[in-house]
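Coordinates from query09.cif are shown below (mmCIF, C-alpha atoms).
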```cif
data_protein
loop_
_atom_site.label_atom_id
_atom_site.label_comp_id
_atom_site.auth_asym_id
_atom_site.auth_seq_id
_atom_site.Cartn_x
_atom_site.Cartn_y
_atom_site.Cartn_z
CA GLY A 244 18.75 57.05 -103.81
CA GLY A 245 21.52 59.63 -103.76
CA GLY A 246 23.89 57.78 -101.45
CA GLY A 247 26.89 55.61 -102.15
CA SER A 248 30.61 55.90 -101.64
CA GLY A 249 32.67 58.21 -103.73
CA GLY A 250 35.36 55.76 -104.82
CA GLY A 251 36.08 52.14 -105.64
CA LYS A 252 33.78 49.64 -107.31
CA GLU A 253 30.70 50.75 -105.39
CA GLY A 254 31.29 54.38 -106.30
CA LYS A 255 31.62 53.47 -109.99
CA GLU A 256 28.42 51.43 -109.88
CA VAL A 257 26.57 54.36 -108.31
CA ALA A 258 27.93 56.74 -110.94
CA ASP A 259 26.97 54.36 -113.75
CA ALA A 260 23.46 53.94 -112.33
CA ARG A 261 22.99 57.70 -112.00
CA SER A 262 24.15 58.27 -115.57
CA ARG A 263 21.40 55.98 -116.88
CA VAL A 264 18.58 57.93 -115.24
CA GLN A 265 16.74 59.94 -117.90
CA VAL A 266 15.72 63.24 -116.28
CA MET A 267 13.13 65.61 -117.74
CA HIS A 268 14.61 68.60 -119.60
CA ASP A 269 18.08 67.06 -119.02
CA LYS A 270 18.31 68.53 -115.54
CA PRO A 271 21.12 67.11 -113.37
CA LEU A 272 20.36 64.78 -110.49
CA PRO A 273 20.78 66.25 -107.00
CA PRO A 274 24.49 66.05 -106.14
CA LYS A 275 25.65 63.40 -103.70
CA PRO A 276 25.21 63.01 -100.78
CA ASN A 277 21.84 64.81 -101.09
CA PRO A 278 19.07 62.21 -100.80
CA ILE A 279 16.60 61.45 -103.56
CA ASP A 280 13.33 60.60 -101.85
CA ALA A 281 11.08 60.26 -104.89
CA TYR A 282 10.98 59.86 -108.65
CA PHE A 283 7.94 60.75 -110.77
CA THR A 284 6.75 62.16 -114.08
CA ARG A 285 4.47 65.17 -114.50
CA ASP A 286 1.13 65.38 -116.27
CA TYR A 287 1.47 68.28 -118.71
CA ASN A 288 -1.82 67.28 -120.35
CA MET A 289 -3.74 68.59 -117.34
CA ILE A 290 -2.51 72.20 -117.55
CA ASN A 291 -2.12 75.04 -120.02
CA PRO A 292 1.44 75.82 -121.17
CA GLY A 293 3.12 78.10 -118.69
CA HIS A 294 1.40 76.79 -115.56
CA LYS A 295 4.04 77.29 -112.88
CA HIS A 296 3.34 74.23 -110.73
CA VAL A 297 2.57 71.16 -112.81
CA GLY A 298 0.98 68.20 -111.08
CA VAL A 299 2.63 64.81 -110.65
CA GLN A 300 1.28 62.07 -112.94
CA GLY A 301 -0.57 59.79 -110.54
CA GLY A 302 0.09 56.55 -112.43
CA PHE A 303 3.81 56.40 -111.64
CA LEU A 304 5.47 57.26 -108.35
CA ILE A 305 8.62 55.82 -106.76
CA VAL A 306 9.17 56.83 -103.14
CA LYS A 307 11.68 55.93 -100.46
CA PRO A 308 9.71 54.57 -97.47
CA ASN A 309 9.82 57.10 -94.64
CA MET A 310 7.40 57.26 -91.70
CA ASP A 311 8.12 60.95 -91.09
CA ALA A 312 7.13 61.73 -94.68
CA PHE A 313 4.03 59.56 -94.33
CA ARG A 314 2.94 61.38 -91.20
CA GLU A 315 3.51 64.74 -92.89
CA TYR A 316 1.36 63.65 -95.83
CA VAL A 317 -1.39 62.61 -93.44
CA SER A 318 -1.22 65.95 -91.59
CA ILE A 319 -1.45 67.86 -94.90
CA VAL A 320 -4.55 65.94 -95.96
CA LEU A 321 -6.22 66.19 -92.54
CA GLU A 322 -5.58 69.92 -92.35
CA GLY A 323 -7.15 70.26 -95.79
CA ASN A 324 -5.71 73.69 -96.53
CA PHE A 325 -6.70 73.50 -100.19
CA HIS A 326 -8.08 76.48 -102.11
CA GLN A 327 -10.13 76.15 -105.27
CA GLY A 328 -7.94 77.20 -108.20
CA SER A 329 -4.82 78.14 -106.21
CA GLY A 330 -4.45 74.70 -104.64
CA TRP A 331 -2.59 73.60 -101.55
CA GLU A 332 -1.96 76.42 -99.08
CA GLY A 333 -2.94 78.79 -101.89
CA LYS A 334 0.55 78.40 -103.41
CA GLY A 335 -0.54 77.53 -106.94
CA TYR A 336 -0.51 73.74 -106.64
CA GLY A 337 -3.98 73.34 -108.08
CA GLY A 338 -6.24 74.17 -110.98
CA TYR A 339 -6.11 70.77 -112.70
CA PHE A 340 -7.55 67.28 -112.47
CA GLY A 341 -6.37 65.44 -109.36
CA ALA A 342 -5.00 68.56 -107.65
CA GLN A 343 -6.79 67.74 -104.39
CA GLN A 344 -5.41 64.22 -104.52
CA ILE A 345 -2.08 62.62 -105.41
CA GLN A 346 -1.41 64.72 -108.52
CA GLY A 347 -1.44 67.97 -106.57
CA VAL A 348 -0.37 66.98 -103.07
CA CYS A 349 2.81 65.27 -104.32
CA SER A 350 3.78 68.30 -106.37
CA TYR A 351 3.15 70.54 -103.36
CA TYR A 352 5.09 68.23 -101.04
CA TYR A 353 8.24 67.83 -103.14
CA ASP A 354 8.32 71.19 -104.92
CA TYR A 355 7.28 73.50 -102.08
CA ARG A 356 7.80 71.73 -98.76
CA HIS A 357 10.87 69.68 -99.65
CA PRO A 358 12.44 71.11 -102.81
CA GLY A 359 15.44 69.31 -104.24
CA THR A 360 14.55 65.92 -102.75
CA ALA A 361 12.72 64.47 -105.78
CA VAL A 362 13.49 63.97 -109.46
CA GLU A 363 11.16 64.50 -112.40
CA LEU A 364 11.89 61.69 -114.83
CA ASN A 365 11.72 62.07 -118.59
CA LYS A 366 8.23 61.05 -119.63
CA CYS A 367 9.54 59.81 -122.97
CA TYR A 368 11.21 56.93 -121.10
CA TYR A 369 9.09 56.40 -117.98
CA ASN A 370 5.31 56.23 -117.60
CA VAL A 371 4.96 56.80 -121.35
CA MET A 372 1.36 57.54 -122.37
CA ALA A 373 1.50 58.09 -126.16
CA ASP A 374 0.34 61.69 -125.72
CA GLY A 375 1.27 64.43 -128.15
CA PRO A 376 3.74 67.10 -127.00
CA ARG A 377 1.77 70.11 -128.25
CA GLN A 378 -1.70 71.57 -127.74
CA GLU A 379 -3.83 71.06 -130.82
CA LYS A 380 -5.37 74.55 -130.79
CA THR A 381 -2.27 76.64 -130.08
CA ASN A 382 0.51 74.25 -131.20
CA LYS A 383 2.40 75.29 -128.05
CA CYS A 384 4.54 72.77 -126.20
CA ARG A 385 2.54 71.45 -123.28
CA ASP A 386 5.55 71.70 -120.96
CA GLY A 387 5.90 75.41 -121.65
CA LYS A 388 9.20 75.13 -123.50
CA GLU A 389 9.94 76.56 -126.95
CA THR A 390 10.74 73.11 -128.35
CA CYS A 391 9.55 69.70 -127.19
CA THR A 392 10.21 66.07 -128.04
CA ASP A 393 7.44 63.91 -129.45
CA CYS A 394 7.65 60.83 -127.22
CA ARG A 395 5.61 58.87 -129.74
CA GLU A 396 8.66 58.80 -131.99
CA MET A 397 10.80 57.02 -129.38
CA SER A 398 12.06 53.53 -130.04
CA VAL A 399 10.09 51.05 -127.94
CA GLU A 400 13.37 49.36 -126.99
CA ASP A 401 14.46 52.53 -125.14
CA ILE A 402 11.29 52.84 -123.04
CA TYR A 403 11.26 51.58 -119.44
CA SER A 404 7.53 51.67 -118.60
CA VAL A 405 4.22 52.39 -120.32
CA HIS A 406 0.98 53.77 -118.87
CA PHE A 407 -2.04 52.51 -120.80
CA THR A 408 -4.25 55.60 -120.83
CA LEU A 409 -4.68 56.96 -124.35
CA CYS A 410 -3.81 53.54 -125.73
CA SER A 411 -6.36 51.90 -123.43
CA LYS A 412 -5.87 48.44 -121.92
CA PRO A 413 -4.46 45.83 -124.32
CA TRP A 414 -6.98 43.15 -123.32
CA LYS A 415 -9.83 45.42 -124.50
CA CYS A 416 -8.48 45.33 -128.07
CA PRO A 417 -9.41 48.99 -128.78
CA ALA A 418 -9.64 50.48 -132.26
CA TRP A 419 -8.18 53.86 -131.13
CA ALA A 420 -10.93 55.73 -132.93
CA GLY A 421 -10.23 59.44 -133.15
CA GLN A 422 -6.52 59.09 -132.44
CA SER A 423 -3.87 60.28 -134.90
CA GLY A 424 -1.91 57.88 -137.05
CA VAL A 425 1.28 58.34 -135.05
CA THR A 426 -0.60 57.60 -131.81
CA LYS A 427 -2.20 54.50 -133.27
CA ASP A 428 1.19 53.26 -134.47
CA ILE A 429 2.91 53.58 -131.09
CA CYS A 430 -0.11 52.17 -129.25
CA ALA A 431 -0.02 49.12 -131.50
CA LYS A 432 3.65 48.63 -130.62
CA PHE A 433 2.95 49.04 -126.89
CA HIS A 434 0.13 46.52 -127.05
CA GLY A 435 2.30 44.14 -129.05
CA GLU A 436 4.92 44.25 -126.28
CA TRP A 437 2.26 43.63 -123.64
CA PHE A 438 0.97 40.55 -125.47
CA ARG A 439 4.52 39.30 -126.03
CA ILE A 440 5.30 39.53 -122.30
CA ARG A 441 1.93 38.00 -121.43
CA GLU A 442 2.64 35.08 -123.78
CA ASP A 443 6.07 34.55 -122.21
CA LEU A 444 4.45 34.49 -118.76
CA GLU A 445 1.82 31.98 -119.84
CA LYS A 446 4.44 29.71 -121.39
CA ARG A 447 6.61 29.88 -118.27
CA ASP A 448 3.64 29.26 -116.01
CA GLY A 449 2.47 26.39 -118.20
CA ALA A 450 5.92 24.80 -118.23
CA LEU A 451 6.05 25.07 -114.45
CA ARG A 452 2.68 23.34 -114.06
CA LEU A 453 3.74 20.58 -116.44
CA THR A 454 6.91 20.05 -114.40
CA GLU A 455 4.90 19.88 -111.18
CA SER A 456 2.47 17.42 -112.75
CA ALA A 457 5.27 15.15 -113.96
CA ALA A 458 6.77 15.22 -110.49
CA GLY A 459 3.46 14.21 -108.88
CA GLY A 460 2.81 17.69 -107.57
CA GLY A 461 -0.79 17.75 -108.67
CA GLY A 462 -0.33 20.34 -111.42
CA ARG A 463 -2.94 20.25 -114.16
CA GLY A 464 -0.58 20.96 -117.05
CA TYR A 465 -0.76 23.84 -119.50
CA VAL A 466 -4.12 24.54 -121.12
CA ASN A 467 -4.47 26.93 -124.03
CA PRO A 468 -6.74 29.85 -123.13
CA GLY A 469 -10.04 30.23 -124.92
CA GLY A 470 -10.34 32.53 -127.90
CA GLY A 471 -7.97 33.07 -130.76
CA HIS A 472 -4.55 34.68 -130.68
CA ARG A 473 -4.11 37.26 -133.44
CA PRO A 474 -0.36 37.51 -134.12
CA ASP A 475 -1.07 39.59 -137.23
CA VAL A 476 -2.55 42.31 -134.99
CA PHE A 477 -0.96 41.90 -131.61
CA ARG A 478 2.60 40.80 -132.38
#
```
Could the structure of this file be written out as structure tokens, please?
Amino acid sequence: GGGGSGGGKEGKEVADARSRVQVMHDKPLPPKPNPIDAYFTRDYNMINPGHKHVGVQGGFLIVKPNMDAFREYVSIVLEGNFHQGSGWEGKGYGGYFGAQQIQGVCSYYYDYRHPGTAVELNKCYYNVMADGPRQEKTNKCRDGKETCTDCREMSVEDIYSVHFTLCSKPWKCPAWAGQSGVTKDICAKFHGEWFRIREDLEKRDGALRLTESAAGGGGRGYVNPGGGHRPDVFR
């Protein structure tokens, strides 16, 4: 959130935390004590460059629980003042996939009804989808800017969260047919990280069951899953 004291240890911790938040287009966070009620990324793949009101990407949304906000959301949906093409209340929050649902209503809520209370995070660090920054036909930046960063060139170590869309789900072992070489490369790294974390979880869970079994807790011990692990592909 945007709170916190202005001095002392707590104030320094708040300042340090705020400095680590990667904001899209390097915009500053709302100044304290203004509240931050939500964090999200936007889905620039769903619009043409220059679209004024870009939808929120529905796979990643951090919100501060608030019953007043919840009731307002409910009233917006029940009223249903959505216009084909021009979106919610005819204000331009529409014209793309998911505009009638979370992608559009969140953009309308935080950009039009409550501007300045939410932060668009940098999609190269959060909710990363391995999508290219430019349209293939026009070579224009999808976010409407003159220059744009190719998130596929980011170091995996700097990324906070990944959204398996273009890369597909790791457990499906996709071949990424039709994707570019740079997309395939980053997807392979993302999947490798997923399998690494999954392996760590299985080992921890197995060790826990073995400990319970040794202590008479009825655990069955660790059992290797069926199938073959392919470290040459997935690690």
Give me, please, the distance in Å between atom CA of A:Asn365 and atom CA of A:Asp286, quoted to one decimal. 11.3 Å
For the PyMOL selection byres ((chain A and resi 324) around 12), applied here, can you spell out every residue it catches as JSON, numbers by chain? {"A": [318, 319, 320, 321, 322, 323, 325, 326, 327, 329, 330, 331, 332, 333, 334, 336, 337, 343, 348, 351]}
Tell me, as a PyMOL selection string, which residues lie within 9 Å of stretch 420-428 of chain A, counting only C-alpha atoms; anything in the same chain fewer than 2 positions away does not count. chain A and resi 373-375+395-396+409-410+417-418+430-433
Taking the file as shown, what set of residues would the PyMOL selection byres ((chain A and resi 379-393) around 9) give back, as a PyMOL selection string? chain A and resi 287-288+290-294+297+367+373-378+394-397
Determine the axis-aligned bounding box of all atoms of stretch 288-307 of chain A present in the file, pad each side by 3 Å, and express its centre and edge lengths in Å to one decimal place as lines of an AutoDock Vina configuration file.
```
center_x = 4.0
center_y = 67.0
center_z = -110.8
size_x = 21.4
size_y = 28.3
size_z = 26.7
```
If I take atom CA of A:Phe283 and atom CA of A:Gly302, how far is one from the other in Å, to one decimal? 9.1 Å
Work out how far apart atom CA of A:Gln300 and atom CA of A:Val266 are and give it in Å to one decimal. 14.9 Å
Within 12 Å of (2.0, 63.8, -101.2), only C-alpha atoms: residues as number ranges by chain? A: 280-281, 283, 298-301, 304-306, 312-320, 331, 336, 341-357, 361
Here is a test: counting all atoms listed in the file, which residue of A:Ala258, A:Leu272, A:Cys416, A:Met289 is nearest to A:Glu363?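 Between A:Ala258, A:Leu272, A:Cys416, A:Met289, the residue approaching A:Glu363 most closely is A:Leu272.
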Using all atoms listed in the file, which protein or nucleic acid residues come within 9 Å of A:Ile402? Drop anything in the same chain fewer than 4 positions from it, and give the result as a PDB file with C-alpha atoms, in the coordinates of the input.
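Listing of part.pdb after writing:
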```pdb
ATOM      1  CA  CYS A 367       9.540  59.810-122.970  1.00  0.00           C
ATOM      2  CA  TYR A 368      11.210  56.930-121.100  1.00  0.00           C
ATOM      3  CA  TYR A 369       9.090  56.400-117.980  1.00  0.00           C
ATOM      4  CA  ASN A 370       5.310  56.230-117.600  1.00  0.00           C
ATOM      5  CA  VAL A 371       4.960  56.800-121.350  1.00  0.00           C
ATOM      6  CA  MET A 397      10.800  57.020-129.380  1.00  0.00           C
ATOM      7  CA  SER A 398      12.060  53.530-130.040  1.00  0.00           C
TER       8      SER A 398
END
```
If we count only C-alpha atoms and set the cut-off at 12 Å, which residues sit around A:Glu436, ignoring sequence neighbours fewer than 3 positions away in its own chain? Please answer as a list in words.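 What passes the distance filter is Val399, Glu400, Ile402, Tyr403, Ser404, Val405, Pro413, Ile429, Cys430, Ala431, Lys432, Phe433, Arg439, Ile440, Arg441, Glu442, Asp443, Pro474, Val476, Phe477 and Arg478 of chain A.
Using all atoms listed in the file, the shortest contact distance between A:Pro278 and any of A:Lys295, A:Lys307, A:Lys412, A:Lys446 is found at A:Lys307.
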